[in-house]
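Okay, model_35.txt now, which holds compact mmCIF, C-alpha atoms:
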```
# COMPACT_ATOMS: atom_id res chain seq x y z
CA MET P 89 -13.42 64.17 30.24
CA ILE P 90 -10.68 63.10 27.87
CA MET P 91 -9.17 60.94 30.59
CA LYS P 92 -12.49 59.14 31.14
CA LYS P 93 -12.80 58.41 27.42
CA LEU P 94 -9.25 57.08 27.34
CA LEU P 95 -9.86 54.81 30.32
CA LEU P 96 -13.05 53.54 28.67
CA ILE P 97 -11.18 52.72 25.46
CA ILE P 98 -8.43 50.91 27.38
CA LEU P 99 -11.03 48.92 29.32
CA CYS P 100 -12.76 47.85 26.11
CA VAL P 101 -9.47 46.74 24.61
CA PHE P 102 -8.63 44.58 27.61
CA MET P 103 -12.12 43.06 27.54
CA GLN P 104 -11.47 41.90 23.97
CA PHE P 105 -8.42 39.86 24.94
CA PRO P 106 -10.35 36.93 26.53
CA LEU P 107 -12.76 36.85 23.57
CA GLN P 108 -9.94 36.90 21.05
CA ALA P 109 -8.07 34.16 22.92
CA GLN P 110 -11.22 32.02 22.94
CA ASN P 111 -11.67 32.52 19.17
CA ASP P 112 -8.00 31.69 18.58
CA ARG P 113 -8.35 28.44 20.55
CA LYS P 114 -11.49 27.56 18.62
CA THR P 115 -9.79 28.25 15.29
CA SER P 116 -6.77 26.23 16.38
CA ARG P 117 -9.00 23.26 17.26
CA LEU P 118 -10.78 23.46 13.94
CA GLU P 119 -7.54 23.59 12.02
CA THR P 120 -6.53 20.27 13.59
CA LEU P 121 -9.43 18.45 11.88
CA GLN P 122 -7.16 17.08 9.20
CA ASN P 123 -8.49 13.51 9.13
CA ALA P 124 -11.79 11.87 8.29
CA ILE P 125 -13.27 8.38 8.27
CA THR P 126 -16.30 7.85 6.03
CA ILE P 127 -18.48 5.03 4.74
CA GLU P 128 -20.40 4.81 1.45
CA PRO P 129 -23.91 3.49 2.23
CA LEU P 130 -24.79 2.81 -1.42
CA TYR P 131 -22.45 -0.18 -1.33
CA TRP P 132 -24.86 -1.88 1.09
CA PHE P 133 -27.37 -2.28 -1.76
CA ASN P 134 -24.74 -4.27 -3.64
CA ASN P 135 -23.91 -6.45 -0.62
CA GLY P 136 -20.72 -4.55 0.05
CA LEU P 137 -19.13 -2.41 2.74
CA LYS P 138 -16.72 0.41 1.90
CA ILE P 139 -14.69 2.45 4.41
CA ASN P 140 -12.51 5.44 3.50
CA TYR P 141 -9.75 7.25 5.34
CA GLU P 142 -9.03 10.84 4.29
CA ARG P 143 -6.16 13.07 5.33
CA GLU P 144 -5.25 16.64 4.52
CA LEU P 145 -1.76 16.84 3.04
CA PHE P 146 -1.70 20.64 2.97
CA PRO P 147 -4.39 23.31 2.53
CA LYS P 148 -6.96 22.39 -0.16
CA ASN P 149 -5.21 19.10 -0.91
CA TRP P 150 -6.34 15.76 0.52
CA ILE P 151 -5.50 12.10 -0.03
CA GLU P 152 -8.16 9.42 0.30
CA ALA P 153 -7.69 5.65 0.64
CA GLY P 154 -10.54 3.17 0.83
CA VAL P 155 -11.11 -0.56 1.26
CA VAL P 156 -14.22 -2.50 0.23
CA GLY P 157 -15.53 -6.02 0.74
CA TYR P 158 -18.39 -7.94 -0.91
CA LEU P 159 -20.33 -11.09 -0.02
CA TYR P 160 -23.03 -12.68 -2.18
CA HIS P 161 -25.00 -15.87 -1.70
CA ARG P 162 -27.88 -17.32 -3.68
CA GLU P 163 -30.10 -17.98 -0.66
CA ASN P 164 -29.33 -14.99 1.53
CA PHE P 165 -29.31 -12.26 -1.10
CA GLN P 166 -31.69 -13.51 -3.77
CA GLY P 167 -34.04 -10.52 -3.50
CA VAL P 168 -31.46 -7.83 -2.78
CA PHE P 169 -30.64 -5.30 -5.48
CA GLY P 170 -27.16 -6.04 -6.73
CA ALA P 171 -27.35 -9.83 -6.42
CA THR P 172 -30.35 -10.71 -8.59
CA TYR P 173 -28.07 -12.34 -11.17
CA PHE P 174 -28.07 -15.55 -9.10
CA GLY P 175 -31.61 -16.28 -10.31
CA ASP P 176 -30.59 -16.70 -13.96
CA ASN P 177 -27.32 -18.62 -13.90
CA ASP P 178 -25.41 -21.29 -12.03
CA ALA P 179 -23.34 -19.16 -9.68
CA GLU P 180 -23.87 -20.22 -6.07
CA LYS P 181 -21.94 -17.59 -4.16
CA ALA P 182 -19.28 -14.92 -4.60
CA SER P 183 -16.99 -12.79 -2.51
CA GLY P 184 -14.72 -9.90 -3.27
CA TYR P 185 -12.49 -7.16 -2.01
CA GLY P 186 -10.78 -4.07 -3.36
CA PHE P 187 -9.16 -0.74 -2.64
CA ASP P 188 -9.17 2.85 -3.90
CA VAL P 189 -6.67 5.69 -3.78
CA HIS P 190 -7.78 9.23 -4.69
CA TYR P 191 -6.14 12.64 -4.73
CA LYS P 192 -8.58 15.47 -3.92
CA TRP P 193 -8.25 19.18 -4.57
CA LEU P 194 -10.72 21.60 -2.96
CA PRO P 195 -10.99 24.88 -4.91
CA VAL P 196 -13.65 25.91 -2.36
CA PRO P 197 -14.30 24.32 1.06
CA PHE P 198 -17.50 22.55 0.01
CA MET P 199 -16.44 21.22 -3.42
CA TYR P 200 -13.58 19.02 -4.64
CA VAL P 201 -12.17 17.53 -7.82
CA SER P 202 -10.40 14.19 -7.57
CA CYS P 203 -8.58 11.60 -9.62
CA GLY P 204 -7.77 8.09 -8.50
CA PHE P 205 -7.26 4.39 -9.05
CA GLN P 206 -9.63 1.54 -8.18
CA TYR P 207 -9.08 -2.23 -7.97
CA ARG P 208 -11.61 -5.02 -7.37
CA ARG P 209 -11.11 -8.79 -7.14
CA HIS P 210 -14.05 -11.22 -7.09
CA LYS P 211 -14.20 -14.97 -6.63
CA VAL P 212 -17.33 -16.60 -8.05
CA HIS P 213 -18.17 -20.15 -6.97
CA TYR P 214 -20.20 -22.64 -9.00
CA GLU P 215 -21.44 -25.91 -7.52
CA ASP P 216 -21.70 -29.01 -9.73
CA TYR P 217 -20.97 -26.93 -12.80
CA VAL P 218 -18.09 -28.40 -14.82
CA LEU P 219 -17.74 -31.98 -16.06
CA GLY P 220 -14.91 -33.92 -14.48
CA PHE P 221 -14.09 -37.33 -13.08
CA GLN P 222 -14.76 -38.56 -9.56
CA ASP P 223 -12.87 -41.54 -8.16
CA PHE P 224 -14.32 -44.36 -6.08
CA GLU P 225 -12.97 -47.67 -4.79
CA GLU P 226 -14.48 -51.09 -5.27
CA ASP P 227 -12.92 -54.49 -4.47
CA GLY P 228 -9.61 -52.80 -3.76
CA LEU P 229 -9.54 -51.08 -7.14
CA THR P 230 -9.90 -47.37 -7.93
CA PHE P 231 -12.37 -46.41 -10.62
CA TYR P 232 -13.25 -43.05 -12.18
CA GLU P 233 -16.65 -41.96 -13.38
CA PRO P 234 -17.89 -38.76 -15.01
CA ALA P 235 -19.30 -36.27 -12.48
CA LEU P 236 -20.13 -32.63 -12.12
CA MET P 237 -17.49 -30.76 -10.13
CA ASP P 238 -17.37 -27.41 -8.37
CA ALA P 239 -15.59 -24.54 -10.11
CA ASN P 240 -14.28 -21.13 -9.16
CA GLN P 241 -13.67 -18.08 -11.29
CA ILE P 242 -11.42 -15.15 -10.38
CA ILE P 243 -12.30 -11.76 -11.87
CA SER P 244 -10.04 -8.72 -11.51
CA ARG P 245 -11.21 -5.24 -12.38
CA TYR P 246 -9.11 -2.08 -12.28
CA GLY P 247 -9.12 1.42 -13.69
CA GLY P 248 -8.90 5.17 -13.20
CA THR P 249 -11.55 7.59 -11.96
CA LEU P 250 -12.28 11.31 -12.29
CA ARG P 251 -14.83 12.84 -9.92
CA ILE P 252 -16.41 16.10 -8.84
CA GLY P 253 -17.87 16.07 -5.35
CA PHE P 254 -19.59 18.18 -2.74
CA GLN P 255 -19.21 17.88 1.02
CA THR P 256 -19.77 19.72 4.28
CA ARG P 257 -17.34 22.51 5.05
CA THR P 258 -14.04 21.40 6.50
CA PHE P 259 -14.63 23.04 9.91
CA ARG P 260 -17.54 20.72 10.76
CA ARG P 261 -17.10 17.46 12.66
CA VAL P 262 -19.54 15.59 10.41
CA SER P 263 -18.37 14.92 6.88
CA ALA P 264 -21.16 14.23 4.39
CA GLY P 265 -21.57 14.68 0.67
CA GLY P 266 -21.85 13.05 -2.72
CA PHE P 267 -19.84 12.74 -5.90
CA ILE P 268 -20.29 11.93 -9.56
CA GLY P 269 -17.76 11.14 -12.25
CA LEU P 270 -16.49 8.69 -14.85
CA SER P 271 -14.33 5.61 -14.49
CA TYR P 272 -12.47 3.66 -17.14
CA PHE P 273 -12.12 -0.03 -16.25
CA ASN P 274 -10.36 -3.08 -17.60
CA SER P 275 -11.24 -6.65 -16.56
CA ASP P 276 -9.32 -9.92 -16.45
CA TYR P 277 -10.61 -13.39 -15.58
CA ASP P 278 -8.79 -16.69 -15.31
CA LYS P 279 -11.56 -18.97 -16.64
CA VAL P 280 -14.60 -18.55 -18.86
CA TYR P 281 -17.97 -19.59 -17.43
CA TYR P 282 -21.32 -18.52 -18.86
CA ILE P 283 -19.98 -15.35 -20.45
CA ASN P 284 -21.45 -16.08 -23.88
CA GLY P 285 -24.90 -16.40 -22.36
CA GLY P 286 -24.50 -13.12 -20.52
CA TRP P 287 -25.22 -12.19 -16.94
CA ASP P 288 -28.42 -10.57 -15.76
CA GLY P 289 -27.12 -8.26 -13.09
CA PRO P 290 -24.05 -6.46 -11.73
CA LEU P 291 -21.75 -9.43 -12.28
CA ASN P 292 -21.94 -8.51 -15.94
CA SER P 293 -20.30 -5.19 -15.04
CA LEU P 294 -17.29 -7.08 -13.70
CA TYR P 295 -16.50 -8.17 -17.26
CA HIS P 296 -17.20 -4.74 -18.71
CA LYS P 297 -14.29 -2.84 -20.22
CA GLY P 298 -14.62 0.86 -20.88
CA LEU P 299 -16.25 3.94 -19.40
CA VAL P 300 -18.82 3.63 -16.61
CA LEU P 301 -20.68 6.19 -14.51
CA ASP P 302 -19.22 6.59 -11.04
CA MET P 303 -21.39 8.10 -8.31
CA GLY P 304 -21.94 7.72 -4.59
CA PHE P 305 -22.61 9.23 -1.18
CA LYS P 306 -20.27 9.43 1.81
CA ILE P 307 -20.85 10.17 5.49
CA GLY P 308 -18.47 10.07 8.43
CA LEU P 309 -16.56 12.01 11.09
CA ARG P 310 -13.63 14.39 11.06
CA PHE P 311 -11.01 14.40 13.75
```
Can you dump the structure from the file as C-alpha cells?
Amino acid sequence: MIMKKLLLIILCVFMQFPLQAQNDRKTSRLETLQNAITIEPLYWFNNGLKINYERELFPKNWIEAGVVGYLYHRENFQGVFGATYFGDNDAEKASGYGFDVHYKWLPVPFMYVSCGFQYRRHKVHYEDYVLGFQDFEEDGLTFYEPALMDANQIISRYGGTLRIGFQTRTFRRVSAGGFIGLSYFNSDYDKVYYINGGWDGPLNSLYHKGLVLDMGFKIGLRF
C-alpha cells in the first residue's frame, strides 16, 4: 500500500515537469518584451504625427525617445482643430518637427513616473506679408519698386516635463495608456510677425513661456 502511494507521488512529480518547463518558457518569452513602439493619436488633431520608442534599461526603469512632425496649411486644414489660427492672421502654412527624451520609473507594473526634455521647431510662412523692393528691367535698365514679399519665421520651443502615467501591464504585447503632467517651456523666435495682435489658436502656445498642462494617450506594440 505504501509502495503504491509512493509510486503515485513520483508519477505526479514527473507529470509536473512538462508543465513547469512550459511555464518557464512562457515566462522567459515574456521577460524578453523589453522594447515598445507607440504612437500618440492626439497629435493627429493638431496636424502632427508622433512616434515613440521605449526600452527597458533594467527592471522598473525605462527610457523613451520620441520624434514628432507637423504640417499645417490654410486650405487643407482650415477646419481642423489645432490649425484654426489661419483664419485670423496672415500665415499661409507652417511645418515643424521635434523630439522628446523621457526617463520612466515603474513603481508598479501598470503605473509610471517620468521626467524628460522636449524640443519643437516650427517654420511659419507668410505670403506677400512684408514690404520690400522688387526689381524689374526696362530699356536695359534695372528699376526697383515697393512690393509685398514672402516672409518666414522660425520658432523654437523647449522645456522639461514631469508626468504620471498608466499603461497595460508589461507582460502584454499591446501597450496602451495615458499620462498627465506639467511642462515648463521657453520659446525663441528669430523675427517678430503679428505677435502684438495675438494669435487665435495653438500657434500662440508656441510663444508661450511658463507652465503648461501636458497630457496624452499612447498605443503600440511590445516586442
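Using only C-alpha atoms, the nearest neighbour of Phe273 (chain P) within the list P:Met237, P:Lys211, P:Met199, P:Gln206 is P:Gln206.
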Nearest-residue call for Leu236 (chain P), choices P:Ile151, P:Tyr214, P:Glu128, P:Asp302, using all atoms listed in the file |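 Comparing P:Ile151, P:Tyr214, P:Glu128, P:Asp302 against Leu236 (chain P), the winner is P:Tyr214.
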Using all atoms listed in the file, find the one residue out of P:Pro195, P:Lys306, P:Ile268, P:His213 that sits nearest to Asn240 (chain P).
->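 Of the candidates, the smallest distance to Asn240 (chain P) is held by P:His213.
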Could you give me, as an MDAnalysis selection string, the residues that have an atom at most 12 Å away from the point (-20.1, 21.1, 2.4) in the coordinates of the file, using only C-alpha atoms?
-> chainID P and resid 194 196:200 253:267 306:307
Expected file contents, prior selection, C-alpha atoms, as a compact mmCIF listing (two decimals), keeping the file's coordinate frame:
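What follows is the written file result.txt:
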```txt
# COMPACT_ATOMS: atom_id res chain seq x y z
CA LEU P 194 -10.72 21.60 -2.96
CA VAL P 196 -13.65 25.91 -2.36
CA PRO P 197 -14.30 24.32 1.06
CA PHE P 198 -17.50 22.55 0.01
CA MET P 199 -16.44 21.22 -3.42
CA TYR P 200 -13.58 19.02 -4.64
CA GLY P 253 -17.87 16.07 -5.35
CA PHE P 254 -19.59 18.18 -2.74
CA GLN P 255 -19.21 17.88 1.02
CA THR P 256 -19.77 19.72 4.28
CA ARG P 257 -17.34 22.51 5.05
CA THR P 258 -14.04 21.40 6.50
CA PHE P 259 -14.63 23.04 9.91
CA ARG P 260 -17.54 20.72 10.76
CA ARG P 261 -17.10 17.46 12.66
CA VAL P 262 -19.54 15.59 10.41
CA SER P 263 -18.37 14.92 6.88
CA ALA P 264 -21.16 14.23 4.39
CA GLY P 265 -21.57 14.68 0.67
CA GLY P 266 -21.85 13.05 -2.72
CA PHE P 267 -19.84 12.74 -5.90
CA LYS P 306 -20.27 9.43 1.81
CA ILE P 307 -20.85 10.17 5.49
```
Enter the distance from CA of Tyr246 (chain P) to CA of Phe205 (chain P), in Å, rounded to one decimal.
->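 Between CA of Tyr246 (chain P) and CA of Phe205 (chain P) the gap works out to 7.5 Å.
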Residue with smallest distance to Arg251 (chain P) - pool P:Tyr191, P:Tyr185, P:Phe231, P:Tyr277, counting all atoms listed in the file =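 Smallest separation from Arg251 (chain P) among the options: P:Tyr191.
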